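K.L.:
Got a file for you: model_15.txt, compact mmCIF, N, CA and C atoms.
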# COMPACT_ATOMS: atom_id res chain seq x y z
N MET A 1 -32.47 -3.56 0.29
CA MET A 1 -32.54 -2.21 -0.24
C MET A 1 -31.20 -1.48 -0.03
N ALA A 2 -30.58 -1.65 1.13
CA ALA A 2 -29.31 -0.97 1.42
C ALA A 2 -28.22 -1.44 0.46
N TRP A 3 -28.21 -2.71 0.12
CA TRP A 3 -27.18 -3.22 -0.78
C TRP A 3 -27.34 -2.64 -2.18
N ARG A 4 -28.59 -2.37 -2.57
CA ARG A 4 -28.82 -1.75 -3.88
C ARG A 4 -28.26 -0.33 -3.92
N LEU A 5 -28.44 0.40 -2.83
CA LEU A 5 -27.90 1.75 -2.76
C LEU A 5 -26.37 1.72 -2.77
N THR A 6 -25.79 0.72 -2.12
CA THR A 6 -24.34 0.58 -2.09
C THR A 6 -23.82 0.31 -3.50
N ILE A 7 -24.46 -0.58 -4.21
CA ILE A 7 -24.06 -0.90 -5.58
C ILE A 7 -24.22 0.33 -6.48
N LEU A 8 -25.31 1.05 -6.34
CA LEU A 8 -25.54 2.26 -7.13
C LEU A 8 -24.46 3.31 -6.84
N ALA A 9 -24.15 3.50 -5.57
CA ALA A 9 -23.12 4.48 -5.19
C ALA A 9 -21.77 4.09 -5.76
N PHE A 10 -21.41 2.81 -5.69
CA PHE A 10 -20.14 2.34 -6.23
C PHE A 10 -20.09 2.55 -7.74
N THR A 11 -21.18 2.23 -8.43
CA THR A 11 -21.25 2.38 -9.88
C THR A 11 -21.10 3.84 -10.28
N LEU A 12 -21.78 4.73 -9.58
CA LEU A 12 -21.68 6.15 -9.87
C LEU A 12 -20.27 6.66 -9.62
N ALA A 13 -19.67 6.24 -8.53
CA ALA A 13 -18.30 6.67 -8.21
C ALA A 13 -17.33 6.19 -9.28
N PHE A 14 -17.51 4.96 -9.75
CA PHE A 14 -16.64 4.42 -10.78
C PHE A 14 -16.80 5.20 -12.07
N CYS A 15 -18.03 5.46 -12.47
CA CYS A 15 -18.27 6.15 -13.73
C CYS A 15 -17.82 7.60 -13.69
N VAL A 16 -18.00 8.26 -12.59
CA VAL A 16 -17.56 9.65 -12.49
C VAL A 16 -16.04 9.71 -12.55
N GLY A 17 -15.35 8.81 -11.88
CA GLY A 17 -13.89 8.84 -11.85
C GLY A 17 -13.23 8.05 -12.96
N GLY A 18 -13.92 7.09 -13.54
CA GLY A 18 -13.25 6.21 -14.48
C GLY A 18 -13.80 6.19 -15.89
N CYS A 19 -14.96 6.74 -16.14
CA CYS A 19 -15.56 6.64 -17.46
C CYS A 19 -15.17 7.77 -18.40
N ALA A 20 -14.83 8.92 -17.88
CA ALA A 20 -14.48 10.05 -18.71
C ALA A 20 -13.13 9.79 -19.38
N ARG A 21 -13.06 10.02 -20.69
CA ARG A 21 -11.81 9.80 -21.43
C ARG A 21 -11.03 11.11 -21.48
N THR A 22 -9.78 11.04 -21.07
CA THR A 22 -8.90 12.21 -21.17
C THR A 22 -7.61 11.79 -21.84
N THR A 23 -7.02 12.73 -22.57
CA THR A 23 -5.76 12.48 -23.26
C THR A 23 -4.79 13.57 -22.88
N ALA A 24 -3.55 13.18 -22.61
CA ALA A 24 -2.50 14.15 -22.29
C ALA A 24 -1.18 13.60 -22.79
N THR A 25 -0.24 14.49 -23.04
CA THR A 25 1.11 14.05 -23.42
C THR A 25 1.97 14.05 -22.17
N GLN A 26 2.88 13.10 -22.12
CA GLN A 26 3.73 12.93 -20.94
C GLN A 26 5.16 12.65 -21.36
N GLY A 27 6.08 12.93 -20.46
CA GLY A 27 7.49 12.68 -20.73
C GLY A 27 8.11 13.78 -21.57
N TYR A 28 9.41 13.69 -21.75
CA TYR A 28 10.15 14.69 -22.52
C TYR A 28 9.90 14.57 -24.01
N HIS A 29 9.46 13.42 -24.47
CA HIS A 29 9.23 13.19 -25.90
C HIS A 29 7.75 13.12 -26.24
N ASP A 30 6.93 13.70 -25.39
CA ASP A 30 5.49 13.82 -25.64
C ASP A 30 4.81 12.50 -26.01
N ILE A 31 4.87 11.57 -25.09
CA ILE A 31 4.18 10.29 -25.24
C ILE A 31 2.69 10.55 -24.97
N ARG A 32 1.84 10.20 -25.89
CA ARG A 32 0.40 10.40 -25.72
C ARG A 32 -0.17 9.29 -24.84
N ALA A 33 -0.91 9.68 -23.82
CA ALA A 33 -1.50 8.70 -22.89
C ALA A 33 -2.99 8.99 -22.74
N ASP A 34 -3.81 7.99 -22.98
CA ASP A 34 -5.26 8.10 -22.90
C ASP A 34 -5.76 7.43 -21.63
N TRP A 35 -6.63 8.10 -20.89
CA TRP A 35 -7.23 7.55 -19.68
C TRP A 35 -8.70 7.28 -19.96
N SER A 36 -9.14 6.05 -19.72
CA SER A 36 -10.57 5.73 -19.79
C SER A 36 -10.82 4.42 -19.06
N PHE A 37 -11.96 4.37 -18.41
CA PHE A 37 -12.42 3.18 -17.69
C PHE A 37 -11.37 2.63 -16.72
N GLY A 38 -10.67 3.52 -16.02
CA GLY A 38 -9.73 3.09 -14.99
C GLY A 38 -8.39 2.61 -15.48
N THR A 39 -8.09 2.84 -16.77
CA THR A 39 -6.82 2.39 -17.33
C THR A 39 -6.17 3.49 -18.15
N LEU A 40 -4.88 3.68 -17.95
CA LEU A 40 -4.08 4.61 -18.73
C LEU A 40 -3.39 3.81 -19.83
N ASP A 41 -3.49 4.27 -21.06
CA ASP A 41 -2.99 3.53 -22.22
C ASP A 41 -2.03 4.42 -23.00
N ALA A 42 -0.81 3.92 -23.25
CA ALA A 42 0.20 4.69 -23.99
C ALA A 42 1.05 3.74 -24.83
N LYS A 43 1.62 4.28 -25.91
CA LYS A 43 2.54 3.50 -26.74
C LYS A 43 3.92 4.13 -26.69
N LEU A 44 4.92 3.28 -26.54
CA LEU A 44 6.30 3.74 -26.56
C LEU A 44 6.81 3.78 -27.99
N PRO A 45 7.81 4.60 -28.25
CA PRO A 45 8.43 4.58 -29.59
C PRO A 45 9.06 3.21 -29.87
N ALA A 46 9.31 2.94 -31.13
CA ALA A 46 9.94 1.67 -31.51
C ALA A 46 11.30 1.55 -30.83
N GLY A 47 11.69 0.32 -30.54
CA GLY A 47 13.00 0.07 -29.94
C GLY A 47 12.96 -0.37 -28.49
N TYR A 48 11.81 -0.29 -27.86
CA TYR A 48 11.68 -0.73 -26.47
C TYR A 48 11.02 -2.10 -26.43
N ARG A 49 11.33 -2.86 -25.38
CA ARG A 49 10.78 -4.21 -25.22
C ARG A 49 9.92 -4.26 -23.96
N ALA A 50 9.13 -5.30 -23.87
CA ALA A 50 8.29 -5.49 -22.68
C ALA A 50 9.14 -5.62 -21.43
N SER A 51 10.30 -6.24 -21.54
CA SER A 51 11.17 -6.39 -20.37
C SER A 51 11.70 -5.03 -19.89
N ASP A 52 11.91 -4.10 -20.82
CA ASP A 52 12.31 -2.74 -20.43
C ASP A 52 11.21 -2.08 -19.61
N VAL A 53 9.98 -2.24 -20.07
CA VAL A 53 8.82 -1.67 -19.38
C VAL A 53 8.67 -2.30 -18.00
N ALA A 54 8.83 -3.62 -17.91
CA ALA A 54 8.69 -4.31 -16.62
C ALA A 54 9.72 -3.81 -15.62
N SER A 55 10.95 -3.66 -16.06
CA SER A 55 12.00 -3.18 -15.15
C SER A 55 11.72 -1.76 -14.70
N ALA A 56 11.34 -0.89 -15.63
CA ALA A 56 11.03 0.50 -15.28
C ALA A 56 9.82 0.57 -14.35
N ALA A 57 8.81 -0.25 -14.61
CA ALA A 57 7.62 -0.26 -13.75
C ALA A 57 7.97 -0.70 -12.33
N GLU A 58 8.74 -1.75 -12.22
CA GLU A 58 9.11 -2.25 -10.89
C GLU A 58 9.89 -1.20 -10.10
N ILE A 59 10.88 -0.60 -10.72
CA ILE A 59 11.68 0.42 -10.02
C ILE A 59 10.81 1.61 -9.64
N ALA A 60 9.99 2.09 -10.58
CA ALA A 60 9.13 3.25 -10.30
C ALA A 60 8.17 2.97 -9.16
N LEU A 61 7.53 1.82 -9.18
CA LEU A 61 6.56 1.49 -8.13
C LEU A 61 7.22 1.33 -6.77
N VAL A 62 8.38 0.70 -6.72
CA VAL A 62 9.09 0.54 -5.45
C VAL A 62 9.50 1.90 -4.91
N ARG A 63 9.98 2.78 -5.79
CA ARG A 63 10.35 4.13 -5.35
C ARG A 63 9.16 4.90 -4.79
N MET A 64 7.95 4.58 -5.29
CA MET A 64 6.74 5.26 -4.84
C MET A 64 6.13 4.61 -3.59
N GLY A 65 6.81 3.62 -3.03
CA GLY A 65 6.34 3.00 -1.80
C GLY A 65 5.48 1.77 -1.98
N PHE A 66 5.43 1.23 -3.17
CA PHE A 66 4.66 0.01 -3.43
C PHE A 66 5.56 -1.20 -3.26
N SER A 67 4.94 -2.33 -3.01
CA SER A 67 5.68 -3.59 -3.03
C SER A 67 5.13 -4.43 -4.18
N ILE A 68 6.01 -5.11 -4.85
CA ILE A 68 5.61 -5.91 -6.01
C ILE A 68 5.02 -7.22 -5.51
N SER A 69 3.76 -7.48 -5.88
CA SER A 69 3.10 -8.70 -5.43
C SER A 69 3.09 -9.78 -6.51
N ASP A 70 3.32 -9.37 -7.77
CA ASP A 70 3.35 -10.37 -8.85
C ASP A 70 4.09 -9.76 -10.04
N ARG A 71 4.92 -10.59 -10.66
CA ARG A 71 5.62 -10.16 -11.88
C ARG A 71 5.69 -11.35 -12.81
N SER A 72 5.20 -11.17 -14.03
CA SER A 72 5.32 -12.21 -15.04
C SER A 72 5.81 -11.54 -16.32
N GLU A 73 6.65 -12.28 -17.03
CA GLU A 73 7.31 -11.68 -18.18
C GLU A 73 7.64 -12.76 -19.20
N SER A 74 7.44 -12.44 -20.47
CA SER A 74 7.88 -13.30 -21.56
C SER A 74 8.64 -12.42 -22.54
N ASP A 75 8.96 -12.95 -23.71
CA ASP A 75 9.73 -12.17 -24.68
C ASP A 75 9.02 -10.88 -25.11
N ASP A 76 7.70 -10.95 -25.27
CA ASP A 76 7.00 -9.78 -25.78
C ASP A 76 5.89 -9.24 -24.87
N ARG A 77 5.71 -9.82 -23.70
CA ARG A 77 4.66 -9.37 -22.78
C ARG A 77 5.21 -9.32 -21.35
N ALA A 78 4.63 -8.40 -20.58
CA ALA A 78 5.02 -8.31 -19.17
C ALA A 78 3.82 -7.82 -18.36
N ARG A 79 3.79 -8.23 -17.09
CA ARG A 79 2.72 -7.80 -16.18
C ARG A 79 3.33 -7.64 -14.79
N ILE A 80 3.14 -6.46 -14.22
CA ILE A 80 3.61 -6.16 -12.86
C ILE A 80 2.40 -5.76 -12.04
N GLU A 81 2.26 -6.38 -10.88
CA GLU A 81 1.17 -6.03 -9.96
C GLU A 81 1.81 -5.55 -8.66
N ALA A 82 1.33 -4.41 -8.15
CA ALA A 82 1.92 -3.84 -6.95
C ALA A 82 0.83 -3.37 -5.99
N ARG A 83 1.16 -3.44 -4.70
CA ARG A 83 0.25 -2.97 -3.65
C ARG A 83 0.99 -1.96 -2.79
N HIS A 84 0.25 -0.98 -2.33
CA HIS A 84 0.82 0.03 -1.44
C HIS A 84 0.76 -0.50 -0.01
N ALA A 85 1.75 -0.20 0.79
CA ALA A 85 1.78 -0.66 2.17
C ALA A 85 0.54 -0.19 2.91
N GLY A 86 -0.10 -1.10 3.60
CA GLY A 86 -1.29 -0.77 4.38
C GLY A 86 -2.57 -0.73 3.58
N SER A 87 -2.52 -1.06 2.31
CA SER A 87 -3.74 -1.03 1.49
C SER A 87 -4.51 -2.34 1.62
N SER A 88 -5.75 -2.30 1.19
CA SER A 88 -6.57 -3.52 1.25
C SER A 88 -6.14 -4.47 0.13
N VAL A 89 -6.67 -5.66 0.18
CA VAL A 89 -6.35 -6.69 -0.83
C VAL A 89 -6.77 -6.24 -2.23
N PHE A 90 -7.81 -5.42 -2.29
CA PHE A 90 -8.35 -5.02 -3.58
C PHE A 90 -7.63 -3.83 -4.20
N GLU A 91 -6.89 -3.06 -3.40
CA GLU A 91 -6.20 -1.88 -3.91
C GLU A 91 -4.86 -2.28 -4.51
N LYS A 92 -4.70 -2.01 -5.79
CA LYS A 92 -3.45 -2.36 -6.44
C LYS A 92 -3.27 -1.56 -7.73
N VAL A 93 -2.06 -1.59 -8.23
CA VAL A 93 -1.72 -1.00 -9.51
C VAL A 93 -1.19 -2.14 -10.38
N VAL A 94 -1.70 -2.25 -11.59
CA VAL A 94 -1.25 -3.28 -12.51
C VAL A 94 -0.70 -2.59 -13.76
N VAL A 95 0.54 -2.94 -14.13
CA VAL A 95 1.17 -2.40 -15.33
C VAL A 95 1.36 -3.57 -16.30
N ARG A 96 0.84 -3.40 -17.51
CA ARG A 96 0.97 -4.44 -18.54
C ARG A 96 1.67 -3.85 -19.76
N ALA A 97 2.53 -4.64 -20.37
CA ALA A 97 3.20 -4.27 -21.61
C ALA A 97 2.90 -5.35 -22.64
N THR A 98 2.39 -4.92 -23.80
CA THR A 98 2.05 -5.86 -24.87
C THR A 98 2.55 -5.31 -26.19
N PRO A 99 2.79 -6.18 -27.16
CA PRO A 99 3.25 -5.70 -28.47
C PRO A 99 2.13 -4.98 -29.22
N ASP A 100 2.51 -3.97 -29.97
CA ASP A 100 1.57 -3.25 -30.83
C ASP A 100 2.33 -2.86 -32.09
N GLY A 101 2.41 -3.80 -33.02
CA GLY A 101 3.25 -3.60 -34.19
C GLY A 101 4.71 -3.63 -33.77
N ARG A 102 5.46 -2.59 -34.14
CA ARG A 102 6.88 -2.49 -33.74
C ARG A 102 7.04 -1.77 -32.42
N ARG A 103 5.95 -1.36 -31.84
CA ARG A 103 5.99 -0.60 -30.59
C ARG A 103 5.47 -1.44 -29.43
N VAL A 104 5.61 -0.91 -28.24
CA VAL A 104 5.09 -1.57 -27.04
C VAL A 104 3.99 -0.70 -26.45
N ARG A 105 2.86 -1.31 -26.17
CA ARG A 105 1.75 -0.61 -25.53
C ARG A 105 1.82 -0.85 -24.03
N ILE A 106 1.68 0.24 -23.27
CA ILE A 106 1.67 0.17 -21.81
C ILE A 106 0.25 0.45 -21.35
N ARG A 107 -0.24 -0.38 -20.44
CA ARG A 107 -1.54 -0.14 -19.80
C ARG A 107 -1.33 -0.16 -18.30
N ILE A 108 -1.74 0.93 -17.65
CA ILE A 108 -1.62 1.03 -16.20
C ILE A 108 -3.03 1.14 -15.63
N THR A 109 -3.39 0.16 -14.81
CA THR A 109 -4.72 0.11 -14.22
C THR A 109 -4.61 0.27 -12.71
N THR A 110 -5.44 1.13 -12.16
CA THR A 110 -5.50 1.29 -10.71
C THR A 110 -6.83 0.72 -10.25
N ARG A 111 -6.78 -0.09 -9.22
CA ARG A 111 -7.99 -0.78 -8.75
C ARG A 111 -8.19 -0.55 -7.27
N PRO A 112 -9.40 -0.63 -6.75
CA PRO A 112 -10.65 -0.99 -7.40
C PRO A 112 -11.29 0.17 -8.15
N ILE A 113 -11.02 1.40 -7.76
CA ILE A 113 -11.58 2.56 -8.45
C ILE A 113 -10.43 3.27 -9.15
N GLY A 114 -10.63 3.62 -10.40
CA GLY A 114 -9.57 4.25 -11.18
C GLY A 114 -9.07 5.54 -10.57
N ASP A 115 -7.76 5.71 -10.56
CA ASP A 115 -7.12 6.91 -10.05
C ASP A 115 -6.18 7.42 -11.15
N GLU A 116 -6.69 8.33 -11.96
CA GLU A 116 -5.93 8.82 -13.11
C GLU A 116 -4.62 9.47 -12.68
N ASP A 117 -4.66 10.28 -11.64
CA ASP A 117 -3.44 10.95 -11.18
C ASP A 117 -2.35 9.95 -10.81
N ARG A 118 -2.72 8.92 -10.06
CA ARG A 118 -1.74 7.91 -9.66
C ARG A 118 -1.17 7.19 -10.88
N ALA A 119 -2.03 6.83 -11.82
CA ALA A 119 -1.57 6.13 -13.02
C ALA A 119 -0.62 7.00 -13.83
N ARG A 120 -0.93 8.29 -13.95
CA ARG A 120 -0.07 9.19 -14.72
C ARG A 120 1.28 9.41 -14.02
N ILE A 121 1.27 9.45 -12.70
CA ILE A 121 2.53 9.59 -11.96
C ILE A 121 3.40 8.36 -12.18
N VAL A 122 2.79 7.17 -12.12
CA VAL A 122 3.54 5.94 -12.38
C VAL A 122 4.14 5.98 -13.78
N LEU A 123 3.34 6.38 -14.78
CA LEU A 123 3.84 6.45 -16.15
C LEU A 123 4.98 7.46 -16.26
N ASP A 124 4.82 8.63 -15.65
CA ASP A 124 5.89 9.64 -15.69
C ASP A 124 7.20 9.08 -15.13
N GLU A 125 7.11 8.41 -14.00
CA GLU A 125 8.31 7.81 -13.40
C GLU A 125 8.93 6.77 -14.32
N MET A 126 8.10 5.96 -14.95
CA MET A 126 8.60 4.95 -15.88
C MET A 126 9.29 5.60 -17.07
N LEU A 127 8.68 6.64 -17.62
CA LEU A 127 9.26 7.31 -18.78
C LEU A 127 10.62 7.92 -18.46
N VAL A 128 10.77 8.48 -17.27
CA VAL A 128 12.07 9.02 -16.84
C VAL A 128 13.11 7.90 -16.82
N LEU A 129 12.72 6.76 -16.25
CA LEU A 129 13.65 5.64 -16.17
C LEU A 129 14.00 5.08 -17.55
N LEU A 130 13.07 5.19 -18.49
CA LEU A 130 13.32 4.71 -19.85
C LEU A 130 14.02 5.76 -20.72
N GLY A 131 14.23 6.95 -20.18
CA GLY A 131 14.89 8.01 -20.92
C GLY A 131 13.97 8.74 -21.88
N LEU A 132 12.68 8.68 -21.58
CA LEU A 132 11.70 9.35 -22.45
C LEU A 132 11.09 10.51 -21.72
Transcribe the structure of this file into structure tokens.

P.N.:
Amino acid sequence: MAWRLTILAFTLAFCVGGCARTTATQGYHDIRADWSFGTLDAKLPAGYRASDVASAAEIALVRMGFSISDRSESDDRARIEARHAGSSVFEKVVVRATPDGRRVRIRITTRPIGDEDRARIVLDEMLVLLGL
């Protein structure tokens, strides 16, 4: 019975913090970023590559006190995984860059429970580094 209450509490906490969809503009050039289900989703203007996003994500996360635990990159895709010092194995930030037509889509996920503020701060730092 106690485990059922634990699962219910976790589900409610996730839905309250991660299910509501919010949209805001960020950066100097008003990049639209949508938050839903624990992931922040934004598209960069044409001319940026996944490798640009990966570099900006790595620098931004390190400046914020994270350590990079995994980085994978190809010509058109990138994935950066970072953990904050002293955090549990499950607490991490994942930044992904994928092609979306001529643009690059950025997805920032905070785990295990979505943290919109943290994701937006990471995106803001990345946009500054990218000149946006």

K.L.:
So which residues fall inside 6.5 Å of (0.1, -0.9, -11.0) if we count all atoms listed in the file? Mind giving them as a list of chain:residue names?

P.N.:
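Result, sorted by chain then residue number: A:Ile80, A:Glu81, A:Ala82, A:Lys92, A:Val93, A:Val94, A:Val95, A:Ile108, A:Thr109, A:Thr110.
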
K.L.:
Convert the current residue selection to file output with N, CA and C atoms, as a CSV table (one decimal), in the coordinates of the input.

P.N.:
chain,number,residue,atom,x,y,z
A,80,ILE,N,3.1,-6.5,-14.2
A,80,ILE,CA,3.6,-6.2,-12.9
A,80,ILE,C,2.4,-5.8,-12.0
A,81,GLU,N,2.3,-6.4,-10.9
A,81,GLU,CA,1.2,-6.0,-10.0
A,81,GLU,C,1.8,-5.6,-8.7
A,82,ALA,N,1.3,-4.4,-8.2
A,82,ALA,CA,1.9,-3.8,-7.0
A,82,ALA,C,0.8,-3.4,-6.0
A,92,LYS,N,-4.7,-2.0,-5.8
A,92,LYS,CA,-3.4,-2.4,-6.4
A,92,LYS,C,-3.3,-1.6,-7.7
A,93,VAL,N,-2.1,-1.6,-8.2
A,93,VAL,CA,-1.7,-1.0,-9.5
A,93,VAL,C,-1.2,-2.1,-10.4
A,94,VAL,N,-1.7,-2.2,-11.6
A,94,VAL,CA,-1.2,-3.3,-12.5
A,94,VAL,C,-0.7,-2.6,-13.8
A,95,VAL,N,0.5,-2.9,-14.1
A,95,VAL,CA,1.2,-2.4,-15.3
A,95,VAL,C,1.4,-3.6,-16.3
A,108,ILE,N,-1.7,0.9,-17.6
A,108,ILE,CA,-1.6,1.0,-16.2
A,108,ILE,C,-3.0,1.1,-15.6
A,109,THR,N,-3.4,0.2,-14.8
A,109,THR,CA,-4.7,0.1,-14.2
A,109,THR,C,-4.6,0.3,-12.7
A,110,THR,N,-5.4,1.1,-12.2
A,110,THR,CA,-5.5,1.3,-10.7
A,110,THR,C,-6.8,0.7,-10.2

K.L.:
Residues of chain A classed as helix (DSSP H, G or I) by DSSP on the backbone are to be reported as number ranges by chain.

P.N.:
A: 2-18, 50-63, 116-130

K.L.:
Store the residues of this selection in a file with N, CA and C atoms, as a compact mmCIF listing (two decimals), in the coordinates of the input.

P.N.:
# COMPACT_ATOMS: atom_id res chain seq x y z
N ALA A 2 -30.58 -1.65 1.13
CA ALA A 2 -29.31 -0.97 1.42
C ALA A 2 -28.22 -1.44 0.46
N TRP A 3 -28.21 -2.71 0.12
CA TRP A 3 -27.18 -3.22 -0.78
C TRP A 3 -27.34 -2.64 -2.18
N ARG A 4 -28.59 -2.37 -2.57
CA ARG A 4 -28.82 -1.75 -3.88
C ARG A 4 -28.26 -0.33 -3.92
N LEU A 5 -28.44 0.40 -2.83
CA LEU A 5 -27.90 1.75 -2.76
C LEU A 5 -26.37 1.72 -2.77
N THR A 6 -25.79 0.72 -2.12
CA THR A 6 -24.34 0.58 -2.09
C THR A 6 -23.82 0.31 -3.50
N ILE A 7 -24.46 -0.58 -4.21
CA ILE A 7 -24.06 -0.90 -5.58
C ILE A 7 -24.22 0.33 -6.48
N LEU A 8 -25.31 1.05 -6.34
CA LEU A 8 -25.54 2.26 -7.13
C LEU A 8 -24.46 3.31 -6.84
N ALA A 9 -24.15 3.50 -5.57
CA ALA A 9 -23.12 4.48 -5.19
C ALA A 9 -21.77 4.09 -5.76
N PHE A 10 -21.41 2.81 -5.69
CA PHE A 10 -20.14 2.34 -6.23
C PHE A 10 -20.09 2.55 -7.74
N THR A 11 -21.18 2.23 -8.43
CA THR A 11 -21.25 2.38 -9.88
C THR A 11 -21.10 3.84 -10.28
N LEU A 12 -21.78 4.73 -9.58
CA LEU A 12 -21.68 6.15 -9.87
C LEU A 12 -20.27 6.66 -9.62
N ALA A 13 -19.67 6.24 -8.53
CA ALA A 13 -18.30 6.67 -8.21
C ALA A 13 -17.33 6.19 -9.28
N PHE A 14 -17.51 4.96 -9.75
CA PHE A 14 -16.64 4.42 -10.78
C PHE A 14 -16.80 5.20 -12.07
N CYS A 15 -18.03 5.46 -12.47
CA CYS A 15 -18.27 6.15 -13.73
C CYS A 15 -17.82 7.60 -13.69
N VAL A 16 -18.00 8.26 -12.59
CA VAL A 16 -17.56 9.65 -12.49
C VAL A 16 -16.04 9.71 -12.55
N GLY A 17 -15.35 8.81 -11.88
CA GLY A 17 -13.89 8.84 -11.85
C GLY A 17 -13.23 8.05 -12.96
N GLY A 18 -13.92 7.09 -13.54
CA GLY A 18 -13.25 6.21 -14.48
C GLY A 18 -13.80 6.19 -15.89
N ALA A 50 9.13 -5.30 -23.87
CA ALA A 50 8.29 -5.49 -22.68
C ALA A 50 9.14 -5.62 -21.43
N SER A 51 10.30 -6.24 -21.54
CA SER A 51 11.17 -6.39 -20.37
C SER A 51 11.70 -5.03 -19.89
N ASP A 52 11.91 -4.10 -20.82
CA ASP A 52 12.31 -2.74 -20.43
C ASP A 52 11.21 -2.08 -19.61
N VAL A 53 9.98 -2.24 -20.07
CA VAL A 53 8.82 -1.67 -19.38
C VAL A 53 8.67 -2.30 -18.00
N ALA A 54 8.83 -3.62 -17.91
CA ALA A 54 8.69 -4.31 -16.62
C ALA A 54 9.72 -3.81 -15.62
N SER A 55 10.95 -3.66 -16.06
CA SER A 55 12.00 -3.18 -15.15
C SER A 55 11.72 -1.76 -14.70
N ALA A 56 11.34 -0.89 -15.63
CA ALA A 56 11.03 0.50 -15.28
C ALA A 56 9.82 0.57 -14.35
N ALA A 57 8.81 -0.25 -14.61
CA ALA A 57 7.62 -0.26 -13.75
C ALA A 57 7.97 -0.70 -12.33
N GLU A 58 8.74 -1.75 -12.22
CA GLU A 58 9.11 -2.25 -10.89
C GLU A 58 9.89 -1.20 -10.10
N ILE A 59 10.88 -0.60 -10.72
CA ILE A 59 11.68 0.42 -10.02
C ILE A 59 10.81 1.61 -9.64
N ALA A 60 9.99 2.09 -10.58
CA ALA A 60 9.13 3.25 -10.30
C ALA A 60 8.17 2.97 -9.16
N LEU A 61 7.53 1.82 -9.18
CA LEU A 61 6.56 1.49 -8.13
C LEU A 61 7.22 1.33 -6.77
N VAL A 62 8.38 0.70 -6.72
CA VAL A 62 9.09 0.54 -5.45
C VAL A 62 9.50 1.90 -4.91
N ARG A 63 9.98 2.78 -5.79
CA ARG A 63 10.35 4.13 -5.35
C ARG A 63 9.16 4.90 -4.79
N GLU A 116 -6.69 8.33 -11.96
CA GLU A 116 -5.93 8.82 -13.11
C GLU A 116 -4.62 9.47 -12.68
N ASP A 117 -4.66 10.28 -11.64
CA ASP A 117 -3.44 10.95 -11.18
C ASP A 117 -2.35 9.95 -10.81
N ARG A 118 -2.72 8.92 -10.06
CA ARG A 118 -1.74 7.91 -9.66
C ARG A 118 -1.17 7.19 -10.88
N ALA A 119 -2.03 6.83 -11.82
CA ALA A 119 -1.57 6.13 -13.02
C ALA A 119 -0.62 7.00 -13.83
N ARG A 120 -0.93 8.29 -13.95
CA ARG A 120 -0.07 9.19 -14.72
C ARG A 120 1.28 9.41 -14.02
N ILE A 121 1.27 9.45 -12.70
CA ILE A 121 2.53 9.59 -11.96
C ILE A 121 3.40 8.36 -12.18
N VAL A 122 2.79 7.17 -12.12
CA VAL A 122 3.54 5.94 -12.38
C VAL A 122 4.14 5.98 -13.78
N LEU A 123 3.34 6.38 -14.78
CA LEU A 123 3.84 6.45 -16.15
C LEU A 123 4.98 7.46 -16.26
N ASP A 124 4.82 8.63 -15.65
CA ASP A 124 5.89 9.64 -15.69
C ASP A 124 7.20 9.08 -15.13
N GLU A 125 7.11 8.41 -14.00
CA GLU A 125 8.31 7.81 -13.40
C GLU A 125 8.93 6.77 -14.32
N MET A 126 8.10 5.96 -14.95
CA MET A 126 8.60 4.95 -15.88
C MET A 126 9.29 5.60 -17.07
N LEU A 127 8.68 6.64 -17.62
CA LEU A 127 9.26 7.31 -18.78
C LEU A 127 10.62 7.92 -18.46
N VAL A 128 10.77 8.48 -17.27
CA VAL A 128 12.07 9.02 -16.84
C VAL A 128 13.11 7.90 -16.82
N LEU A 129 12.72 6.76 -16.25
CA LEU A 129 13.65 5.64 -16.17
C LEU A 129 14.00 5.08 -17.55
N LEU A 130 13.07 5.19 -18.49
CA LEU A 130 13.32 4.71 -19.85
C LEU A 130 14.02 5.76 -20.72

K.L.:
So, with all atoms listed in the file as the atoms that count, which of A:Arg21, A:Pro99, A:Gly38, A:Leu130 lies closest to Asp52 of chain A?

P.N.:
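Under the stated criterion, the closest residue is A:Leu130.
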
K.L.:
For the atom pair atom CA of Val104 of chain A and atom N of Arg118 of chain A, what is the interatomic distance in Å to one decimal place?

P.N.:
21.4 Å

K.L.:
Hey, which of A:Asp41, A:Ala50, A:Arg111, A:Ile121 ends up closest to Ser74 of chain A? Count all atoms listed in the file.

P.N.:
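Nearest to Ser74 of chain A: A:Ala50.
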
K.L.:
I'd like the interatomic distance between atom N of Arg83 of chain A and atom N of Ile59 of chain A, to a tenth of an Å.

P.N.:
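These atoms are spaced 11.8 Å apart.
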
K.L.:
Closest to Ile106 of chain A among A:Phe37, A:Glu58, A:Glu91, A:Leu44, using all atoms listed in the file?

P.N.:
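Closest candidate: A:Leu44.
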
K.L.:
Mind working out the centre and edge lengths of an axis-aligned box for segment 117-122 of chain A, all listed atoms inside, 5 Å added to each side, rounded to one decimal in Å and written as AutoDock Vina command-line options?

P.N.:
--center_x -0.3 --center_y 8.4 --center_z -12.2 --size_x 18.8 --size_y 15.0 --size_z 15.1

K.L.:
Is it possible to get the residues within 6.5 Å of (7.5, 1.5, -18.5) (coordinates as in the file, counting all atoms listed in the file) written as a PyMOL selection string?

P.N.:
chain A and resi 52-54+56-57+126-127

K.L.:
Could you check which of A:Val62, A:Ala97, A:Ala119, A:Ile68 is closest to Ala33 of chain A, using only C-alpha atoms?

P.N.:
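Residue with the minimum atom-to-atom distance to Ala33 of chain A: A:Ala119.
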
K.L.:
Measuring atom to atom with all atoms listed in the file, identify which of A:Ser55, A:Ser88, A:Thr25, A:Thr98 is nearest to Asp76 of chain A.

P.N.:
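Nearest to Asp76 of chain A: A:Thr98.
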
K.L.:
If I take atom CA of Arg32 of chain A and atom CA of Gly65 of chain A, how far is one from the other in Å, to one decimal?

P.N.:
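Computing the Euclidean distance for atom CA of Arg32 of chain A and atom CA of Gly65 of chain A yields 25.7 Å.
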